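Worksheet: one structure, shown below.
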Amino acid sequence: SGASGTRVFTLGLQAGETRFKGGPATRTWGVNGTYLGPTIRVRRGEQVEFAVHNGLDQATSLHWHGMHLPAAMDGGPHQLVPAGGTWRPRWTVDQPAATLWYHPHVHGATGDHMYRGLTGLFVVDDDVAVRLPSEYGVDDVPMIVQDRAFDGDNQFEQPVPLAGSLGVIGDEILVNGTIGPYFDVTTRLVRLRLLNGSNARLYHFGFSDDRRFSLVATDGGLLAEPWETDRLYLSPGERAEVVVAFEPGERVELRSYPSDHGGTLGRLDGFDDRLDICQFRAANALSGDAEVPGVLGAAPHLAGEPIAETRSFALASDQINGRSMAMDRIDFGVREGTVEVWEVVNDNGYLHNFHVHDVQFQVLTVDGEPPEPPLRGWKDTVLLVQGKRYRLAMRFRDHTDPNTPYMYHCHLLQHEDEGMMGQFVVL
Ligand code: C2O
Ligand code: CU
Ligand code: CU
């Protein structure tokens, strides 16, 4: 803690070695460690300040993905921290409880810097009382899911043989930096905070016995009500909070299953996408209740608002609307306090998604239809199934700055690095 109630966090970016498996250690990057970083946890209303020390031999940045904050604090490509330097962003947390995260955002090198290991979770809590499992590490479990390819010397391989048009796709799954992970279940219900922390891979989560589980929160916070399902997609950068019920003594595997979007996910079709993610091992006696509350948060409510502006975004060939990202070009300005609708379409055969900084948006329609339950909550990143038109409503509030832009982009990091990104300012 610092002066006048500000909470101060110190984050050191460093290079090191991590032993993921037998044989040589892997050269990695981490935050306050050699791989990944600590979970940052704050409450709505708190003022936070970070001292981000860059102990690496090159400039990088730390972006707070999903956070509503001034553009100059966003940690995007305009807030590089030079090697040996320290960056001190500060802001007041003002958004509902949610599972956010942080990662580097250097134009042209985001994929590389993230692949080496600079990633962590950023959890926001608030005062909305909902009876969900909430004991961190016991029944409220962070899961950063990543794929990695190792070469013969156990070094991260990039580019890898399956790279192609998606970017790096690895054949080994890491959860929180661990290969072949398991979790000892001690309660009837467990909440998993899932982050797709991969550069390019799409996950289609489900359990080995096809049990049903409840989606309770998306990128920006709680859904209005739980959605029961046996499968859930997460594209790179998306988060989901799910609640799973266990029986005493059982073992079950969380997996990723092949995509059933058919040809719409392009090159992913050629892969064997059946992957074990994590094994759950339940104790012979489990504590706590087994009831998921039927009412969770407040549903997004932008549908009836007057729309100040409608904009279109077509993603194709590493460009958005036929333009590549340029650091010195601001694509447009939005008016503070207004609601805009952004119509986004994936115009070619490859997998893309769409992420907007500073805001959480509401998916109004997908191809004119109301969205499926997993797209009914607040989102900051959405999977774009090929050819479908997504209408996203978002309100821009606070933090006007005519000179410092926020980003919007595809979160497949090779696409982003190659230019599938643009910049806007809030005026
Ligand atoms: Cu997760 Cu522009 O970033
Ligand atoms: Cu972001
Ligand atoms: Cu893309």
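Residues are referred to by chain and number: the chain letter is A, B, ... according to the order shown in the structure tokens, the number counts from 1 in that chain, and ligands are numbered separately from 1 in the order shown.
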Selection near Gln95 in chain A, 8 Å with only C-alpha atoms, sequence-local residues under 3 positions removed, as a PyMOL selection string: chain A and resi 44+67-68+124
Dump of N, CA and C atoms for the selected residues, as a CSV table (one decimal), in the first residue's frame:
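See out.csv below for the written result:
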chain,number,residue,atom,x,y,z
A,44,ARG,N,-13.2,-3.2,-7.0
A,44,ARG,CA,-13.8,-2.0,-7.7
A,44,ARG,C,-13.7,-0.8,-6.8
A,67,MET,N,-9.5,-4.0,-19.1
A,67,MET,CA,-9.6,-3.0,-18.1
A,67,MET,C,-10.1,-1.7,-18.7
A,68,HIS,N,-11.0,-1.0,-18.0
A,68,HIS,CA,-11.4,0.3,-18.3
A,68,HIS,C,-10.5,1.3,-17.7
A,124,VAL,N,-10.8,-8.7,-10.8
A,124,VAL,CA,-11.5,-7.6,-10.2
A,124,VAL,C,-12.6,-8.1,-9.3
Residues of range 142-353 of chain A in strand (DSSP E), written as a VMD selection string: chain A and resid 142 to 148 172 to 175 178 to 179 182 to 187 189 to 196 203 to 207 213 to 218 221 to 229 232 to 234 239 to 245 251 to 256 275 to 287 307 to 316 319 to 320 332 to 334 339 to 346 352 to 353
Produce a file of the selected residues containing C-alpha atoms, as a short mmCIF file (atom, residue, chain, number, x, y, z; two decimals), in the first residue's frame.
data_model
loop_
_atom_site.label_atom_id
_atom_site.label_comp_id
_atom_site.auth_asym_id
_atom_site.auth_seq_id
_atom_site.Cartn_x
_atom_site.Cartn_y
_atom_site.Cartn_z
CA PRO A 142 -7.31 -19.82 -12.16
CA MET A 143 -6.43 -21.76 -15.31
CA ILE A 144 -4.18 -20.10 -17.89
CA VAL A 145 -4.38 -22.51 -20.81
CA GLN A 146 -1.58 -22.35 -23.38
CA ASP A 147 -0.12 -24.54 -26.09
CA ARG A 148 3.60 -24.71 -26.73
CA GLU A 172 1.85 -29.62 -25.63
CA ILE A 173 -0.74 -28.05 -23.33
CA LEU A 174 0.34 -26.06 -20.28
CA VAL A 175 -2.02 -24.98 -17.52
CA THR A 178 2.48 -27.00 -15.96
CA ILE A 179 2.46 -29.90 -18.42
CA TYR A 182 -4.12 -32.28 -12.23
CA PHE A 183 -6.21 -30.61 -9.56
CA ASP A 184 -7.24 -32.10 -6.20
CA VAL A 185 -10.94 -31.38 -5.76
CA THR A 186 -12.11 -30.98 -2.14
CA THR A 187 -15.50 -29.29 -2.66
CA LEU A 189 -18.50 -27.23 -6.69
CA VAL A 190 -15.41 -25.73 -8.26
CA ARG A 191 -15.25 -22.44 -10.16
CA LEU A 192 -12.67 -22.42 -12.95
CA ARG A 193 -11.45 -19.07 -14.28
CA LEU A 194 -10.35 -20.10 -17.75
CA LEU A 195 -8.11 -17.90 -19.87
CA ASN A 196 -7.16 -18.87 -23.40
CA TYR A 203 -10.19 -24.37 -27.48
CA HIS A 204 -13.50 -26.22 -27.40
CA PHE A 205 -13.69 -27.21 -23.75
CA GLY A 206 -15.65 -30.17 -22.43
CA PHE A 207 -15.22 -32.99 -19.92
CA PHE A 213 -21.23 -27.45 -16.30
CA SER A 214 -22.44 -23.88 -15.79
CA LEU A 215 -20.99 -20.86 -17.52
CA VAL A 216 -21.38 -18.06 -14.96
CA ALA A 217 -19.18 -15.25 -16.30
CA THR A 218 -17.67 -14.08 -19.57
CA GLY A 221 -18.19 -10.26 -15.58
CA LEU A 222 -21.16 -12.31 -14.45
CA LEU A 223 -23.93 -13.43 -16.78
CA ALA A 224 -27.50 -12.61 -15.71
CA GLU A 225 -28.06 -16.33 -15.14
CA PRO A 226 -25.95 -19.48 -15.44
CA TRP A 227 -25.92 -21.29 -18.78
CA GLU A 228 -25.66 -25.06 -18.60
CA THR A 229 -23.66 -26.70 -21.36
CA LEU A 232 -17.56 -24.12 -24.56
CA TYR A 233 -15.39 -22.32 -27.13
CA LEU A 234 -12.67 -19.91 -26.08
CA ARG A 239 -12.05 -15.77 -20.55
CA ALA A 240 -14.86 -17.78 -19.02
CA GLU A 241 -15.80 -18.60 -15.47
CA VAL A 242 -17.47 -21.99 -15.22
CA VAL A 243 -18.79 -23.91 -12.20
CA VAL A 244 -18.43 -27.68 -12.25
CA ALA A 245 -20.00 -30.19 -9.82
CA ARG A 251 -11.66 -38.59 -11.74
CA VAL A 252 -12.53 -36.66 -14.84
CA GLU A 253 -10.52 -34.93 -17.52
CA LEU A 254 -11.08 -31.43 -18.87
CA ARG A 255 -10.40 -31.66 -22.60
CA SER A 256 -10.50 -29.63 -25.72
CA LEU A 275 -6.31 -32.42 -26.20
CA ASP A 276 -6.21 -33.24 -22.51
CA ILE A 277 -6.16 -30.01 -20.54
CA CYS A 278 -6.30 -30.99 -16.85
CA GLN A 279 -7.35 -33.95 -14.69
CA PHE A 280 -9.68 -33.39 -11.75
CA ARG A 281 -9.25 -35.84 -8.83
CA ALA A 282 -12.04 -35.63 -6.26
CA ALA A 283 -11.43 -36.53 -2.60
CA ASN A 284 -13.59 -39.20 -0.98
CA ALA A 285 -15.47 -36.55 0.99
CA LEU A 286 -16.36 -33.21 -0.54
CA SER A 287 -17.46 -30.10 1.36
CA ILE A 307 -26.63 4.87 -31.21
CA ALA A 308 -24.28 7.77 -31.88
CA GLU A 309 -22.36 6.04 -34.65
CA THR A 310 -22.29 2.73 -36.54
CA ARG A 311 -18.96 1.56 -37.92
CA SER A 312 -18.01 -1.46 -40.04
CA PHE A 313 -14.92 -3.59 -39.69
CA ALA A 314 -14.00 -6.32 -42.19
CA LEU A 315 -11.11 -8.58 -41.21
CA ALA A 316 -9.14 -10.21 -44.02
CA GLN A 319 -5.78 -6.09 -42.44
CA ILE A 320 -8.92 -4.41 -41.16
CA PHE A 332 -11.09 7.43 -35.85
CA GLY A 333 -12.30 9.19 -32.76
CA VAL A 334 -15.33 8.29 -30.66
CA VAL A 339 -22.91 4.34 -27.46
CA GLU A 340 -21.59 3.08 -30.78
CA VAL A 341 -22.37 -0.07 -32.72
CA TRP A 342 -19.48 -1.79 -34.45
CA GLU A 343 -20.37 -4.31 -37.16
CA VAL A 344 -17.57 -6.81 -37.49
CA VAL A 345 -17.18 -9.53 -40.08
CA ASN A 346 -14.50 -12.14 -40.75
CA HIS A 352 -10.07 -14.48 -36.43
CA ASN A 353 -11.48 -12.83 -33.38
#
Neighbouring residues of Val128 in chain A were defined as those with any atom within 9 Å, considering only C-alpha atoms; residues of the same chain fewer than 2 positions away were excluded. Please report them as a PDB file with C-alpha atoms, in the first residue's frame.
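out_24.pdb, freshly written:
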ATOM      1  CA  PRO A  96     -17.824  -5.009 -12.298  1.00  0.00           C
ATOM      2  CA  ALA A  97     -16.080  -8.090 -10.884  1.00  0.00           C
ATOM      3  CA  ASP A 125     -13.830  -8.079  -7.188  1.00  0.00           C
ATOM      4  CA  ASP A 126     -16.854  -5.991  -6.274  1.00  0.00           C
ATOM      5  CA  VAL A 130     -23.356 -13.971  -5.279  1.00  0.00           C
ATOM      6  CA  GLY A 297     -25.267 -10.384 -12.354  1.00  0.00           C
TER       7      GLY A 297
END
Given only C-alpha atoms as the counted atoms, nearest of A:Val31, A:Leu413, A:Val382, A:Val356 to Thr110 in chain A: A:Leu413
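Proximal residues of ligand 2 are A:His63, A:Trp64, A:His65, A:Gly66, A:His355, A:Val356, A:His357, by a cut-off of 7 Å on only C-alpha atoms and all ligand atoms.
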As a list in words, please: every protein or nucleic acid residue near ligand 3 (cut-off 8 Å, counting only C-alpha atoms and all ligand atoms).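 The residues within 8 Å of ligand 3, counting only C-alpha atoms and all ligand atoms, are Leu166, Leu315, Ala316, Asp318, Tyr350, Leu351, His352, Asn353, Phe354, Cys410, His411, Leu412, Leu413, Gln414, His415, Glu416 and Met420 of chain A.
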Can you tell me, as a CSV table (one decimal) with N, CA and C atoms, in the first residue's frame, what residues are no more than 12 Å from His399 in chain A when counting only C-alpha atoms, ignoring any on the same chain fewer than 3 positions away?
chain,number,residue,atom,x,y,z
A,68,HIS,N,-11.0,-1.0,-18.0
A,68,HIS,CA,-11.4,0.3,-18.3
A,68,HIS,C,-10.5,1.3,-17.7
A,69,LEU,N,-9.7,2.1,-18.5
A,69,LEU,CA,-8.7,2.9,-17.9
A,69,LEU,C,-8.2,4.0,-18.9
A,70,PRO,N,-7.5,5.0,-18.4
A,70,PRO,CA,-7.0,6.0,-19.4
A,70,PRO,C,-6.1,5.4,-20.4
A,71,ALA,N,-6.1,5.8,-21.7
A,71,ALA,CA,-5.3,5.3,-22.8
A,71,ALA,C,-3.9,5.3,-22.4
A,72,ALA,N,-3.4,6.3,-21.7
A,72,ALA,CA,-2.0,6.4,-21.4
A,72,ALA,C,-1.5,5.4,-20.4
A,73,MET,N,-2.5,4.7,-19.7
A,73,MET,CA,-2.2,3.7,-18.7
A,73,MET,C,-2.4,2.3,-19.3
A,74,ASP,N,-2.8,2.2,-20.5
A,74,ASP,CA,-3.3,0.9,-21.1
A,74,ASP,C,-2.2,-0.1,-21.4
A,91,TRP,N,-4.5,4.2,-12.0
A,91,TRP,CA,-5.9,4.5,-12.3
A,91,TRP,C,-6.8,4.0,-11.2
A,92,THR,N,-8.1,4.3,-11.3
A,92,THR,CA,-9.1,3.9,-10.3
A,92,THR,C,-9.9,2.8,-11.0
A,94,ASP,N,-12.8,0.8,-12.0
A,94,ASP,CA,-14.3,1.1,-12.0
A,94,ASP,C,-15.0,0.3,-13.0
A,334,VAL,N,-14.0,8.5,-31.1
A,334,VAL,CA,-15.3,8.3,-30.7
A,334,VAL,C,-15.6,9.4,-29.6
A,335,ARG,N,-16.9,9.7,-29.4
A,335,ARG,CA,-17.3,10.7,-28.5
A,335,ARG,C,-17.6,10.1,-27.1
A,336,GLU,N,-16.9,10.7,-26.1
A,336,GLU,CA,-17.1,10.2,-24.8
A,336,GLU,C,-18.6,10.3,-24.4
A,337,GLY,N,-19.0,9.3,-23.7
A,337,GLY,CA,-20.4,9.2,-23.2
A,337,GLY,C,-21.4,8.6,-24.2
A,358,ASP,N,-10.3,-0.9,-23.6
A,358,ASP,CA,-11.0,0.1,-22.7
A,358,ASP,C,-12.4,-0.2,-22.4
A,359,VAL,N,-13.1,-0.9,-23.3
A,359,VAL,CA,-14.6,-1.2,-23.0
A,359,VAL,C,-14.9,-2.6,-22.9
A,396,PHE,N,-18.5,4.4,-24.6
A,396,PHE,CA,-17.2,5.0,-24.2
A,396,PHE,C,-17.4,6.0,-23.1
A,402,PRO,N,-7.1,13.1,-26.8
A,402,PRO,CA,-7.0,13.2,-28.2
A,402,PRO,C,-5.7,12.7,-28.8
A,403,ASN,N,-4.7,12.5,-28.0
A,403,ASN,CA,-3.4,12.1,-28.5
A,403,ASN,C,-3.0,10.7,-28.2
A,404,THR,N,-3.7,10.0,-27.3
A,404,THR,CA,-3.2,8.6,-27.0
A,404,THR,C,-4.3,7.6,-27.4
A,405,PRO,N,-4.1,6.8,-28.4
A,405,PRO,CA,-5.1,5.9,-28.8
A,405,PRO,C,-5.2,4.6,-28.0
A,406,TYR,N,-6.4,4.0,-28.1
A,406,TYR,CA,-6.6,2.6,-27.8
A,406,TYR,C,-6.6,1.7,-29.0
A,425,VAL,N,-9.3,7.0,-30.7
A,425,VAL,CA,-9.2,7.9,-29.5
A,425,VAL,C,-10.6,8.2,-29.0
A,426,VAL,N,-10.6,8.5,-27.7
A,426,VAL,CA,-11.9,8.9,-27.1
A,426,VAL,C,-11.8,10.4,-26.9
A,427,LEU,N,-12.8,11.2,-27.5
A,427,LEU,CA,-12.8,12.6,-27.5
A,427,LEU,C,-13.9,13.2,-26.6
